[in-house]
Every structure is written in C-alpha cells, then in structure tokens.
$ cat input_21.tsv   # TSV, C-alpha atoms and all ligand atoms
chain	number	residue	atom	x	y	z
A	1	MET	CA	92.95	108.96	40.39
A	2	GLU	CA	92.76	112.13	38.30
A	3	ASN	CA	89.12	112.88	39.00
A	4	ILE	CA	89.58	112.96	42.79
A	5	LYS	CA	88.04	116.48	42.98
A	6	ASP	CA	84.71	115.15	41.66
A	7	LEU	CA	84.81	112.42	44.25
A	8	LYS	CA	85.50	114.98	46.95
A	9	ASN	CA	82.29	116.74	45.89
A	10	ILE	CA	80.31	113.52	45.85
A	11	LEU	CA	81.52	112.66	49.34
A	12	SER	CA	80.96	116.18	50.68
A	13	TYR	CA	77.40	115.53	51.81
A	14	PRO	CA	76.07	112.48	53.73
A	15	LYS	CA	75.35	109.36	51.70
A	16	ASP	CA	74.53	105.70	52.25
A	17	VAL	CA	77.84	104.00	51.62
A	18	VAL	CA	78.59	100.31	51.32
A	19	ILE	CA	82.15	99.03	51.60
A	20	ILE	CA	82.74	95.56	50.23
A	21	SER	CA	85.83	93.40	50.42
A	22	HIS	CA	86.63	89.91	49.19
A	23	ARG	CA	85.53	86.43	50.28
A	24	ASN	CA	87.55	85.00	53.18
A	25	PRO	CA	88.63	88.50	54.18
A	26	ASP	CA	92.24	88.70	55.35
A	27	GLY	CA	94.03	91.34	57.43
A	28	ASP	CA	94.34	93.74	54.51
A	29	ALA	CA	90.70	93.34	53.45
A	30	ILE	CA	89.49	93.86	57.01
A	31	GLY	CA	91.95	96.59	58.01
A	32	SER	CA	91.34	98.63	54.85
A	33	SER	CA	87.56	98.31	54.89
A	34	MET	CA	87.23	99.11	58.59
A	35	ALA	CA	89.65	102.05	58.31
A	36	PHE	CA	87.74	103.37	55.30
A	37	ARG	CA	84.48	102.97	57.19
A	38	TYR	CA	85.64	105.11	60.13
A	39	PHE	CA	87.21	107.63	57.75
A	40	LEU	CA	83.91	108.05	55.85
A	41	GLU	CA	81.81	108.05	59.03
A	42	SER	CA	83.79	111.04	60.22
A	43	PHE	CA	82.12	112.99	57.35
A	44	GLY	CA	78.64	111.92	58.46
A	45	HIS	CA	78.13	109.16	55.91
A	46	VAL	CA	76.09	106.13	56.92
A	47	VAL	CA	78.46	103.26	56.22
A	48	LYS	CA	77.99	99.50	56.14
A	49	VAL	CA	80.87	97.07	55.62
A	50	ILE	CA	79.89	93.82	53.88
A	51	TYR	CA	82.02	90.68	53.47
A	52	PRO	CA	80.89	87.75	51.29
A	53	SER	CA	81.95	85.28	54.01
A	54	ASP	CA	82.74	85.53	57.69
A	55	TYR	CA	86.00	86.99	59.02
A	56	PRO	CA	88.52	84.95	61.05
A	57	ASN	CA	88.08	85.06	64.81
A	58	SER	CA	91.58	86.46	65.17
A	59	PHE	CA	90.21	89.82	63.98
A	60	ALA	CA	87.36	89.91	66.50
A	61	PHE	CA	89.44	92.36	68.58
A	62	ILE	CA	88.67	95.13	66.08
A	63	LYS	CA	86.18	97.58	67.53
A	64	GLY	CA	82.96	97.63	65.51
A	65	ILE	CA	83.71	94.60	63.35
A	66	GLU	CA	80.59	92.93	64.76
A	67	ASP	CA	78.50	95.59	62.94
A	68	CYS	CA	79.55	94.36	59.52
A	69	LEU	CA	77.23	92.26	57.36
A	70	ILE	CA	78.17	88.78	56.17
A	71	TYR	CA	76.47	87.93	52.89
A	72	ASP	CA	76.60	84.16	53.57
A	73	SER	CA	74.73	84.64	56.87
A	74	ASP	CA	72.23	87.28	55.78
A	75	PRO	CA	71.98	87.56	51.98
A	76	MET	CA	68.66	89.45	52.00
A	77	LYS	CA	69.91	92.21	54.29
A	78	ALA	CA	73.19	92.47	52.38
A	79	GLU	CA	71.35	92.70	49.05
A	80	GLU	CA	68.92	95.32	50.37
A	81	THR	CA	71.79	97.40	51.79
A	82	ILE	CA	73.75	97.33	48.53
A	83	LYS	CA	70.64	98.26	46.52
A	84	LYS	CA	69.98	101.40	48.53
A	85	ALA	CA	73.62	102.54	48.61
A	86	GLY	CA	74.55	105.78	46.83
A	87	VAL	CA	78.25	104.93	46.94
A	88	ILE	CA	79.87	101.50	46.80
A	89	ALA	CA	83.53	101.16	47.68
A	90	CYS	CA	85.30	97.97	46.62
A	91	LEU	CA	88.47	97.32	48.57
A	92	ASP	CA	91.24	94.74	48.15
A	93	PHE	CA	89.75	93.00	45.12
A	94	ASN	CA	89.28	94.03	41.51
A	95	SER	CA	87.05	91.52	39.81
A	96	LEU	CA	83.42	91.01	40.69
A	97	ASP	CA	83.76	87.23	40.87
A	98	ARG	CA	85.79	87.69	44.08
A	99	ILE	CA	82.59	88.72	45.90
A	100	ASP	CA	80.42	85.84	44.68
A	101	LYS	CA	76.71	86.61	44.27
A	102	MET	CA	77.18	90.20	45.36
A	103	GLY	CA	79.16	90.71	42.15
A	104	LYS	CA	76.01	90.84	40.05
A	105	ILE	CA	74.20	93.19	42.45
A	106	VAL	CA	77.19	95.54	42.49
A	107	GLY	CA	77.56	95.28	38.71
A	108	ASP	CA	73.88	96.20	38.21
A	109	SER	CA	73.89	99.03	40.77
A	110	LYS	CA	73.75	102.65	39.62
A	111	ALA	CA	75.67	103.82	42.70
A	112	THR	CA	78.97	105.68	42.40
A	113	LYS	CA	81.62	102.99	42.58
A	114	ILE	CA	85.09	103.44	44.04
A	115	LEU	CA	87.81	100.84	43.67
A	116	ILE	CA	90.89	100.83	45.91
A	117	ASP	CA	93.08	97.82	45.25
A	118	HIS	CA	96.56	96.49	44.54
A	119	HIS	CA	95.87	93.38	42.44
A	120	LEU	CA	96.75	93.13	38.74
A	121	ASP	CA	94.32	93.81	35.87
A	122	PRO	CA	91.33	95.57	37.43
A	123	GLU	CA	87.96	94.93	35.77
A	124	PRO	CA	86.43	98.18	34.49
A	125	PHE	CA	83.38	98.27	36.78
A	126	SER	CA	84.21	101.33	38.90
A	127	ASP	CA	83.85	105.08	38.36
A	128	TYR	CA	86.85	106.05	40.50
A	129	GLU	CA	89.86	103.81	40.66
A	130	LEU	CA	92.93	103.88	42.87
A	131	SER	CA	94.65	100.76	41.60
A	132	GLU	CA	98.40	100.30	42.05
A	133	THR	CA	99.97	96.88	41.78
A	134	THR	CA	103.23	98.07	43.31
A	135	ALA	CA	101.48	98.99	46.56
A	136	SER	CA	102.18	96.63	49.45
A	137	SER	CA	98.57	96.50	50.47
A	138	THR	CA	95.17	98.07	50.05
A	139	CYS	CA	95.74	99.68	53.46
A	140	GLU	CA	98.71	101.54	51.95
A	141	LEU	CA	96.38	102.77	49.19
A	142	VAL	CA	93.66	103.84	51.63
A	143	TYR	CA	96.34	105.92	53.36
A	144	LYS	CA	97.24	107.38	49.95
A	145	PHE	CA	93.56	108.01	49.17
A	146	ILE	CA	93.18	109.98	52.41
A	147	GLN	CA	96.22	112.07	51.44
A	148	LEU	CA	94.87	112.63	47.90
A	149	MET	CA	91.61	113.80	49.45
A	150	ASP	CA	93.70	116.20	51.54
A	151	GLU	CA	92.15	114.84	54.74
A	152	ASP	CA	95.19	113.79	56.76
A	153	ARG	CA	93.65	115.45	59.81
A	154	LYS	CA	91.02	112.66	59.86
A	155	LEU	CA	93.71	110.03	60.36
A	156	ASN	CA	93.45	109.44	64.09
A	157	THR	CA	95.29	106.79	66.09
A	158	PHE	CA	92.45	104.28	65.74
A	159	ILE	CA	92.23	104.51	61.94
A	160	SER	CA	96.04	104.45	61.76
A	161	GLU	CA	96.13	101.16	63.69
A	162	LEU	CA	93.53	99.65	61.35
A	163	LEU	CA	95.69	100.58	58.37
A	164	PHE	CA	98.73	99.11	60.10
A	165	ILE	CA	96.96	95.74	60.13
A	166	GLY	CA	97.02	95.44	56.34
A	167	LEU	CA	100.57	96.75	56.10
A	168	ILE	CA	101.71	94.02	58.47
A	169	THR	CA	99.63	91.14	57.14
A	170	ASP	CA	100.15	91.71	53.39
A	171	THR	CA	103.94	92.13	53.76
A	172	GLY	CA	104.54	89.32	56.26
A	173	SER	CA	105.62	92.00	58.76
A	174	PHE	CA	107.63	93.93	56.16
A	175	LYS	CA	109.44	90.88	54.78
A	176	TYR	CA	108.11	91.13	51.21
A	177	SER	CA	106.01	93.27	48.80
A	178	THR	CA	107.32	96.50	50.31
A	179	ASN	CA	108.35	99.64	48.46
A	180	PRO	CA	109.89	102.86	49.82
A	181	TYR	CA	106.45	104.43	50.26
A	182	THR	CA	105.32	101.49	52.45
A	183	TYR	CA	107.85	102.55	55.08
A	184	GLU	CA	106.81	106.18	54.76
A	185	VAL	CA	103.23	105.14	55.40
A	186	ALA	CA	104.29	103.00	58.38
A	187	SER	CA	106.25	105.95	59.74
A	188	SER	CA	103.28	108.32	59.35
A	189	LEU	CA	100.92	105.86	61.00
A	190	LYS	CA	103.29	105.44	63.91
A	191	LYS	CA	103.56	109.23	64.22
A	192	LYS	CA	99.76	109.27	64.47
A	193	GLY	CA	100.12	107.08	67.54
A	194	ALA	CA	99.63	103.61	66.04
A	195	ASP	CA	101.02	101.04	68.48
A	196	ASP	CA	102.64	98.67	66.00
A	197	TYR	CA	103.95	96.36	68.73
A	198	LYS	CA	100.41	95.91	70.06
A	199	ILE	CA	99.04	95.23	66.56
A	200	GLN	CA	101.80	92.70	65.79
A	201	ASP	CA	101.10	90.96	69.10
A	202	LEU	CA	97.32	90.91	68.57
A	203	ILE	CA	97.71	89.47	65.08
A	204	HIS	CA	100.56	87.01	65.49
A	205	ASN	CA	100.57	85.77	69.05
A	206	THR	CA	97.01	84.57	69.26
A	207	MET	CA	97.18	81.07	67.84
A	208	SER	CA	95.02	78.49	69.58
A	209	VAL	CA	96.36	75.12	70.71
A	210	LYS	CA	94.29	73.63	67.88
A	211	GLN	CA	96.03	75.80	65.27
A	212	VAL	CA	99.51	74.96	66.53
A	213	SER	CA	98.62	71.24	66.59
A	214	LEU	CA	97.26	71.49	63.05
A	215	LEU	CA	100.46	73.20	61.92
A	216	GLY	CA	102.45	70.38	63.50
A	217	HIS	CA	100.28	67.81	61.72
A	218	CYS	CA	100.74	69.56	58.37
A	219	LEU	CA	104.52	69.74	58.72
A	220	ALA	CA	104.98	66.24	60.15
A	221	ASN	CA	102.42	64.24	58.16
A	222	ARG	CA	101.11	66.17	55.18
A	223	MET	CA	104.17	67.76	53.61
A	224	GLU	CA	105.92	66.58	50.47
A	225	ILE	CA	109.20	68.08	49.27
A	226	ILE	CA	110.26	68.02	45.63
A	227	PRO	CA	113.93	69.01	46.02
A	228	GLU	CA	114.78	69.21	42.31
A	229	TYR	CA	112.16	71.95	41.89
A	230	GLY	CA	112.73	73.61	45.28
A	231	THR	CA	109.06	73.03	45.92
A	232	GLY	CA	106.99	71.90	48.87
A	233	ILE	CA	103.36	70.81	48.97
A	234	ILE	CA	101.10	70.53	52.00
A	235	THR	CA	97.69	68.92	51.57
A	236	LEU	CA	94.69	68.65	53.85
A	237	THR	CA	91.86	66.17	53.37
A	238	ARG	CA	88.20	66.45	54.37
A	239	GLN	CA	89.05	63.97	57.13
A	240	ASP	CA	91.73	66.35	58.45
A	241	TYR	CA	89.11	69.12	58.50
A	242	GLU	CA	86.90	66.90	60.66
A	243	ASP	CA	89.65	65.50	62.89
A	244	PHE	CA	91.05	68.92	63.71
A	245	ASP	CA	87.70	70.71	63.59
A	246	ILE	CA	89.32	73.21	61.22
A	247	GLY	CA	87.47	76.51	61.01
A	248	ARG	CA	87.88	79.74	59.15
A	249	GLY	CA	91.35	81.18	59.55
A	250	ASP	CA	92.82	78.07	61.19
A	251	THR	CA	94.95	77.32	58.12
A	252	GLU	CA	96.17	80.89	57.69
A	253	GLY	CA	99.93	81.13	57.22
A	254	ILE	CA	100.65	77.39	57.09
A	255	VAL	CA	101.84	77.66	53.48
A	256	ASN	CA	104.59	80.11	54.46
A	257	HIS	CA	106.45	77.50	56.52
A	258	ILE	CA	107.55	75.75	53.34
A	259	LEU	CA	109.51	78.80	52.18
A	260	MET	CA	111.34	78.94	55.53
A	261	MET	CA	113.39	75.93	54.45
A	262	LYS	CA	116.66	76.51	52.62
A	263	GLY	CA	116.40	76.06	48.86
A	264	MET	CA	112.61	76.29	48.73
A	265	ASN	CA	111.20	78.68	46.12
A	266	VAL	CA	107.65	77.43	45.62
A	267	ALA	CA	105.05	76.47	48.18
A	268	ALA	CA	101.62	74.97	47.62
A	269	PHE	CA	98.92	74.46	50.23
A	270	ILE	CA	96.18	72.34	48.70
A	271	THR	CA	92.98	71.68	50.62
A	272	GLU	CA	89.92	69.57	50.02
A	273	GLN	CA	86.83	71.74	50.56
A	274	PRO	CA	83.21	70.52	50.43
A	275	THR	CA	82.80	71.14	46.69
A	276	ILE	CA	86.17	72.41	45.48
A	277	VAL	CA	89.87	71.88	45.97
A	278	LYS	CA	91.52	75.17	46.93
A	279	LEU	CA	95.14	76.08	46.28
A	280	SER	CA	97.23	78.64	48.08
A	281	LEU	CA	100.48	79.27	46.22
A	282	ARG	CA	103.61	81.14	47.24
A	283	SER	CA	106.91	81.71	45.44
A	284	LYS	CA	110.14	83.65	45.64
A	285	GLY	CA	111.76	86.00	43.14
A	286	ASP	CA	110.92	85.68	39.47
A	287	ILE	CA	108.82	82.56	39.73
A	288	SER	CA	105.22	83.60	39.08
A	289	VAL	CA	102.63	81.53	40.86
A	290	GLN	CA	100.16	84.07	39.58
A	291	ASP	CA	100.73	82.90	36.01
A	292	MET	CA	100.32	79.34	37.22
A	293	ALA	CA	97.14	80.09	39.19
A	294	ARG	CA	95.63	81.90	36.22
A	295	LYS	CA	96.55	79.40	33.58
A	296	TYR	CA	95.75	76.19	35.41
A	297	PHE	CA	93.71	76.83	38.55
A	298	ASN	CA	91.06	79.48	37.72
A	299	GLY	CA	92.75	81.91	40.04
A	300	GLY	CA	95.20	84.74	40.37
A	301	GLY	CA	96.48	87.19	42.93
A	302	HIS	CA	100.04	88.42	43.02
A	303	LYS	CA	103.24	87.19	41.40
A	304	ASN	CA	104.51	85.61	44.63
A	305	ALA	CA	101.19	84.94	46.38
A	306	SER	CA	98.23	83.57	44.52
A	307	GLY	CA	95.33	81.24	44.89
A	308	GLY	CA	92.87	79.28	42.87
A	309	ALA	CA	90.44	76.40	42.96
A	310	LEU	CA	89.26	73.46	40.86
A	311	TYR	CA	86.16	71.29	40.94
A	312	SER	CA	88.18	68.11	41.16
A	313	LYS	CA	89.67	65.50	43.48
A	314	LEU	CA	92.51	66.35	45.85
A	315	ASP	CA	94.91	63.80	44.31
A	316	THR	CA	94.12	65.00	40.80
A	317	VAL	CA	94.86	68.60	41.73
A	318	VAL	CA	98.15	67.64	43.40
A	319	GLU	CA	99.15	65.69	40.28
A	320	LYS	CA	98.17	68.61	38.07
A	321	PHE	CA	100.24	70.98	40.21
A	322	LYS	CA	103.27	68.68	39.94
A	323	SER	CA	102.86	68.25	36.20
A	324	VAL	CA	102.71	71.99	35.44
A	325	LEU	CA	105.57	72.85	37.81
A	326	PRO	CA	108.36	72.45	35.17
A	327	GLU	CA	106.69	75.18	33.09
A	328	PHE	CA	107.31	77.71	35.87
A	329	VAL	CA	110.36	76.46	37.78
A	330	GLU	CA	113.78	75.43	36.45
A	331	LYS	CA	114.98	72.00	37.43
A	332	LYS	CA	118.03	72.08	39.74
A	401	LIG	P1	95.63	83.05	49.81
A	401	LIG	O1	96.55	82.00	49.31
A	401	LIG	O2	96.19	83.71	51.04
A	401	LIG	O3	94.22	82.62	49.93
A	401	LIG	O4	95.62	84.17	48.70
A	401	LIG	C1	96.81	84.74	48.22
A	401	LIG	C2	96.49	85.77	47.16
A	401	LIG	O5	95.86	85.13	46.05
A	401	LIG	C3	95.54	86.85	47.61
A	401	LIG	O6	96.04	88.06	47.14
A	401	LIG	C4	94.24	86.55	46.96
A	401	LIG	O7	93.63	87.72	46.55
A	401	LIG	C5	94.61	85.72	45.75
A	401	LIG	N1	93.65	84.63	45.58
A	401	LIG	C6	93.39	83.62	46.42
A	401	LIG	N2	92.46	82.79	45.92
A	401	LIG	C7	92.10	83.30	44.72
A	401	LIG	C8	91.16	82.90	43.71
A	401	LIG	O8	90.47	81.88	43.80
A	401	LIG	N3	91.08	83.71	42.61
A	401	LIG	C9	91.86	84.81	42.45
A	401	LIG	N4	91.72	85.54	41.34
A	401	LIG	N5	92.74	85.21	43.38
A	401	LIG	C10	92.88	84.48	44.50
A	402	MN	MN	95.65	92.92	49.97

$ encode --input "input_21.tsv" --output "structure tokens" --more "lines below"
Ligand code: 5GP
Ligand code: MN
Amino acid sequence: MENIKDLKNILSYPKDVVIISHRNPDGDAIGSSMAFRYFLESFGHVVKVIYPSDYPNSFAFIKGIEDCLIYDSDPMKAEETIKKAGVIACLDFNSLDRIDKMGKIVGDSKATKILIDHHLDPEPFSDYELSETTASSTCELVYKFIQLMDEDRKLNTFISELLFIGLITDTGSFKYSTNPYTYEVASSLKKKGADDYKIQDLIHNTMSVKQVSLLGHCLANRMEIIPEYGTGIITLTRQDYEDFDIGRGDTEGIVNHILMMKGMNVAAFITEQPTIVKLSLRSKGDISVQDMARKYFNGGGHKNASGGALYSKLDTVVEKFKSVLPEFVEKK
C-alpha cells in the first residue's frame, strides 16, 4: 500500500465509514471487521459494520456485534448506510460477488474504498489495497495496516483479542497457512494483553449437543471414502437439515475431520441448500482445490481451502466432484 500517507490524511478527520465483509462471515471476517471498527472509532469516525448474511451464534460473545447490520434482514437500512458512507472498507473478500446485492451498491458508490484481504486475484474496485495472499488471515493484515498507519498505540487488549480470532480460525489454531510474520503478530497481540487461551476456549469449546450429534451423523452415516484418491466426501441432504434443525454455523469445521484420517489429502463437504448445492473443499500440500472450485464449481478461495456452488442436484454435484477428481489428484 504505497499511498498509505494519502489514506492517513483521508482518515484524519471524522467520516461515515462502512465496513463490509463476506456472506456467511467466519471468524476472520468477523474478527477483522470488528477490530477495524474499533480501531477507526478511536479516531472519531462513525462506523457501521455490515454483513450480507447473519453471523454464527458462536460469535455472539463479541462485544458490540449486535450493532452490526445484516443485509438479508434489513436491506433498506444497509443500502441507505452504504450510500451515505464517505469511506467503504472491504475486508476478507476481494470480488464484489462475495457480498451479493451489496456488490452493485458498493461498485456504484463514489466513496473512498479500502480493500484489506488475503484471497487471490483481487478485483480492481478499491482505491487503497492491502492484498497479500501469503498472509494467514485478514486479521494479520489489519494488524499490518495499523502498523503501516503508525498507530500501534491504538492497539488495545480488546482490539488485539478481536484480531486473534481471525489468526486462530483461519489457521486452524496455527496448524496451516502460517508464515513467520503470523507468529510475530500473535506475539505482539499477546504482549498487548490478548488472552489467547480465553479466545481459543470461547471459539472451540462451545459446540451444542446438536452440533456434536450432527458431526456424529456426518461421520457415521454420510461419509464416503475414496481410498485410491485419498479423498473423503461428506454430504448433507435437505432432509438432514430438517431432521437436525441445522442452522447457520452448525456445519462449521465438519469438513476438516476427513483430513484427520491417515492418507487423506482431499476433503469435500457437499450440502443441499434451498436453491443451490454448496461445496466446501479442503486439501493438503500441492493439491489445489482452488483450481477445482474455480474451474468446475463457480467458486474459489485458497489453494487448500475453497468453496463453490452449483444450481444442480446433490447427486449430480457429487458425481461431478468424483469425475473431476483425477484431474487434480494422482491415483495411488
Ligand atoms: P468454506 O469452505 O469454509 O465455506 O470456505 C473456504 C474458503 O473458500 C474461504 O476462504 C472462502 O472465502 C472461499 N469460498 C467459499 N465459498 C466460496 C464461493 O462460493 N466462491 C468463492 N469465490 N470463494 C468461496
Ligand atoms: Mn480470511
């Protein structure tokens, strides 16, 4: 971000700021946007965080999250707020289709646009871009942004803990996607007083009985292993959604269990939604589920963690996944 000085000037007097993150916001989307909100509020800006769809209940512990706007629940208010914003910050996504109908409003807006993100191939819709695909998380980049702005003194314990959320969730608690700087950031946040044990506990040890039962159901009844491709698939039908009363966030992390088994390199979690079939893909090493998601499932993400969706039937999508697998994975 070479033109950071200009941005410092723009942000030096109070503005109406909107912070937007992606649909189905995850820990990194929520942690980064809430941290950025409190950082900007400390300069006197009036800040509104907007998510296209609601956040999982497991993040309800975050102070002030109830103030954010959900486009799905209140599109008029969200639209109005974006239209009067002088600055729009887009966090943890880099193409306008990731924020649904808000994409057009943001695209048309004359506001100063800031992008902070770690996904590949950013769309050129922003004026100021901090986009690094090697970053573990957008939270890591918000930390970097604060340093580039020379405002480390604004990083209090509370903001540090919010940033820790994305560091933890986007790296599977520092198991993947890390780089040396990630640990430096974690160290700095801890020095600022972030209680990482508390954050880990709040995020990971809060599953409901329903979620654990659903996980059991997925592993016992809905999992298929393709040993010759080191691949596992878990599917959920509309009926499963009804039977288990599955809500937002209840399926989070299920896909990762496949990669816990020896010899597994690719994991697919394929779910039947009201109008689409959604895929969550994970891989290890050089296998790129991102290429697969892009080429065959209208999606993308990261090399080892991607997603996509098709307007199709569940069985058809599963068959398609199996048929394209040999293009990305060597047969054992
Ligand atoms: P998840 O499987 O947890 O939903 O998503 C994993 C990663 O893939 C995330 O980084 C997310 O941004 C990306 N992703 C998930 N769904 C989609 C999608 O439909 N389109 C694109 N471009 N990326 C997606
Ligand atoms: Mn992220």

$ residues_around --input "input_21.tsv" --residues "A:Ser187" --least-positions-apart "5" --cutoff "12 Å" --atoms "all atoms listed in the file" --output "PyMOL selection string"
chain A and resi 140+143+160-161+163-164+167+180-182+192-196

$ write_last_selection --input "input_21.tsv" --atoms "C-alpha atoms" --output "PDB file, keeping the file's coordinate frame"
ATOM      1  CA  GLU A 140      98.710 101.540  51.950  1.00  0.00           C
ATOM      2  CA  TYR A 143      96.340 105.920  53.360  1.00  0.00           C
ATOM      3  CA  SER A 160      96.040 104.450  61.760  1.00  0.00           C
ATOM      4  CA  GLU A 161      96.130 101.160  63.690  1.00  0.00           C
ATOM      5  CA  LEU A 163      95.690 100.580  58.370  1.00  0.00           C
ATOM      6  CA  PHE A 164      98.730  99.110  60.100  1.00  0.00           C
ATOM      7  CA  LEU A 167     100.570  96.750  56.100  1.00  0.00           C
ATOM      8  CA  PRO A 180     109.890 102.860  49.820  1.00  0.00           C
ATOM      9  CA  TYR A 181     106.450 104.430  50.260  1.00  0.00           C
ATOM     10  CA  THR A 182     105.320 101.490  52.450  1.00  0.00           C
ATOM     11  CA  LYS A 192      99.760 109.270  64.470  1.00  0.00           C
ATOM     12  CA  GLY A 193     100.120 107.080  67.540  1.00  0.00           C
ATOM     13  CA  ALA A 194      99.630 103.610  66.040  1.00  0.00           C
ATOM     14  CA  ASP A 195     101.020 101.040  68.480  1.00  0.00           C
ATOM     15  CA  ASP A 196     102.640  98.670  66.000  1.00  0.00           C
TER      16      ASP A 196
END

$ residues_around --input "input_21.tsv" --residues "A:Arg98" --least-positions-apart "6" --cutoff "10 Å" --atoms "only C-alpha atoms" --output "VMD selection string"
chain A and resid 21 to 24 52 92 299

$ residues_around --input "input_21.tsv" --residues "A:Ser32" --least-positions-apart "2" --cutoff "12 Å" --atoms "only C-alpha atoms" --output "MDAnalysis selection string"
chainID A and resid 19:22 25:30 34:39 49 89:93 115:118 137:146 159:170

$ write_last_selection --input "input_21.tsv" --atoms "C-alpha atoms" --output "PDB file, in the coordinates of the input"
ATOM      1  CA  ILE A  19      82.150  99.030  51.600  1.00  0.00           C
ATOM      2  CA  ILE A  20      82.740  95.560  50.230  1.00  0.00           C
ATOM      3  CA  SER A  21      85.830  93.400  50.420  1.00  0.00           C
ATOM      4  CA  HIS A  22      86.630  89.910  49.190  1.00  0.00           C
ATOM      5  CA  PRO A  25      88.630  88.500  54.180  1.00  0.00           C
ATOM      6  CA  ASP A  26      92.240  88.700  55.350  1.00  0.00           C
ATOM      7  CA  GLY A  27      94.030  91.340  57.430  1.00  0.00           C
ATOM      8  CA  ASP A  28      94.340  93.740  54.510  1.00  0.00           C
ATOM      9  CA  ALA A  29      90.700  93.340  53.450  1.00  0.00           C
ATOM     10  CA  ILE A  30      89.490  93.860  57.010  1.00  0.00           C
ATOM     11  CA  MET A  34      87.230  99.110  58.590  1.00  0.00           C
ATOM     12  CA  ALA A  35      89.650 102.050  58.310  1.00  0.00           C
ATOM     13  CA  PHE A  36      87.740 103.370  55.300  1.00  0.00           C
ATOM     14  CA  ARG A  37      84.480 102.970  57.190  1.00  0.00           C
ATOM     15  CA  TYR A  38      85.640 105.110  60.130  1.00  0.00           C
ATOM     16  CA  PHE A  39      87.210 107.630  57.750  1.00  0.00           C
ATOM     17  CA  VAL A  49      80.870  97.070  55.620  1.00  0.00           C
ATOM     18  CA  ALA A  89      83.530 101.160  47.680  1.00  0.00           C
ATOM     19  CA  CYS A  90      85.300  97.970  46.620  1.00  0.00           C
ATOM     20  CA  LEU A  91      88.470  97.320  48.570  1.00  0.00           C
ATOM     21  CA  ASP A  92      91.240  94.740  48.150  1.00  0.00           C
ATOM     22  CA  PHE A  93      89.750  93.000  45.120  1.00  0.00           C
ATOM     23  CA  LEU A 115      87.810 100.840  43.670  1.00  0.00           C
ATOM     24  CA  ILE A 116      90.890 100.830  45.910  1.00  0.00           C
ATOM     25  CA  ASP A 117      93.080  97.820  45.250  1.00  0.00           C
ATOM     26  CA  HIS A 118      96.560  96.490  44.540  1.00  0.00           C
ATOM     27  CA  SER A 137      98.570  96.500  50.470  1.00  0.00           C
ATOM     28  CA  THR A 138      95.170  98.070  50.050  1.00  0.00           C
ATOM     29  CA  CYS A 139      95.740  99.680  53.460  1.00  0.00           C
ATOM     30  CA  GLU A 140      98.710 101.540  51.950  1.00  0.00           C
ATOM     31  CA  LEU A 141      96.380 102.770  49.190  1.00  0.00           C
ATOM     32  CA  VAL A 142      93.660 103.840  51.630  1.00  0.00           C
ATOM     33  CA  TYR A 143      96.340 105.920  53.360  1.00  0.00           C
ATOM     34  CA  LYS A 144      97.240 107.380  49.950  1.00  0.00           C
ATOM     35  CA  PHE A 145      93.560 108.010  49.170  1.00  0.00           C
ATOM     36  CA  ILE A 146      93.180 109.980  52.410  1.00  0.00           C
ATOM     37  CA  ILE A 159      92.230 104.510  61.940  1.00  0.00           C
ATOM     38  CA  SER A 160      96.040 104.450  61.760  1.00  0.00           C
ATOM     39  CA  GLU A 161      96.130 101.160  63.690  1.00  0.00           C
ATOM     40  CA  LEU A 162      93.530  99.650  61.350  1.00  0.00           C
ATOM     41  CA  LEU A 163      95.690 100.580  58.370  1.00  0.00           C
ATOM     42  CA  PHE A 164      98.730  99.110  60.100  1.00  0.00           C
ATOM     43  CA  ILE A 165      96.960  95.740  60.130  1.00  0.00           C
ATOM     44  CA  GLY A 166      97.020  95.440  56.340  1.00  0.00           C
ATOM     45  CA  LEU A 167     100.570  96.750  56.100  1.00  0.00           C
ATOM     46  CA  ILE A 168     101.710  94.020  58.470  1.00  0.00           C
ATOM     47  CA  THR A 169      99.630  91.140  57.140  1.00  0.00           C
ATOM     48  CA  ASP A 170     100.150  91.710  53.390  1.00  0.00           C
TER      49      ASP A 170
END

$ residues_near_ligand --input "input_21.tsv" --ligand "ligand LIG 401 (chain A)" --cutoff "10 Å" --atoms "only C-alpha atoms and all ligand atoms" --output "number ranges by chain"
A: 22-26, 28-29, 92-98, 118-120, 137, 170, 251-256, 268-270, 278-282, 289-290, 293-294, 297-310

$ closest_residue --input "input_21.tsv" --among "A:Thr275, A:Ser312, A:Ser213, A:Asn265" --to "A:Leu325" --atoms "all atoms listed in the file"
A:Asn265

$ atom_distance --input "input_21.tsv" --atom1 "atom CA of A:Ile70" --atom2 "atom CA of A:Tyr51"
5.1 Å

$ residues_near_point --input "input_21.tsv" --point "(102.4, 88.2, 65.9)" --cutoff "12 Å" --atoms "all atoms listed in the file" --output "list of chain:residue names"
A:Ser58, A:Ile165, A:Ile168, A:Thr169, A:Gly172, A:Ser173, A:Asp196, A:Tyr197, A:Lys198, A:Ile199, A:Gln200, A:Asp201, A:Leu202, A:Ile203, A:His204, A:Asn205, A:Thr206, A:Met207, A:Gly253

$ write_last_selection --input "input_21.tsv" --atoms "C-alpha atoms" --output "tab-separated table (two decimals), keeping the file's coordinate frame"
chain	number	residue	atom	x	y	z
A	58	SER	CA	91.58	86.46	65.17
A	165	ILE	CA	96.96	95.74	60.13
A	168	ILE	CA	101.71	94.02	58.47
A	169	THR	CA	99.63	91.14	57.14
A	172	GLY	CA	104.54	89.32	56.26
A	173	SER	CA	105.62	92.00	58.76
A	196	ASP	CA	102.64	98.67	66.00
A	197	TYR	CA	103.95	96.36	68.73
A	198	LYS	CA	100.41	95.91	70.06
A	199	ILE	CA	99.04	95.23	66.56
A	200	GLN	CA	101.80	92.70	65.79
A	201	ASP	CA	101.10	90.96	69.10
A	202	LEU	CA	97.32	90.91	68.57
A	203	ILE	CA	97.71	89.47	65.08
A	204	HIS	CA	100.56	87.01	65.49
A	205	ASN	CA	100.57	85.77	69.05
A	206	THR	CA	97.01	84.57	69.26
A	207	MET	CA	97.18	81.07	67.84
A	253	GLY	CA	99.93	81.13	57.22

$ closest_residue --input "input_21.tsv" --among "A:Thr134, A:Asn57, A:Thr237, A:Thr231" --to "ligand MN 402 (chain A)" --atoms "only C-alpha atoms and all ligand atoms"
A:Thr134

$ atom_distance --input "input_21.tsv" --atom1 "atom CA of A:Asp6" --atom2 "atom CA of A:Arg153"
20.2 Å

$ closest_residue --input "input_21.tsv" --among "A:Val317, A:Ile88, A:Ile105, A:Ile4" --to "A:Leu130" --atoms "only C-alpha atoms"
A:Ile4

$ residues_around --input "input_21.tsv" --residues "A:Asp127" --least-positions-apart "6" --cutoff "9 Å" --atoms "all atoms listed in the file" --output "MDAnalysis selection string"
chainID A and resid 112:115

$ closest_residue --input "input_21.tsv" --among "A:Ile99, A:Ala267, A:Met149, A:Leu69" --to "A:Glu224" --atoms "only C-alpha atoms"
A:Ala267
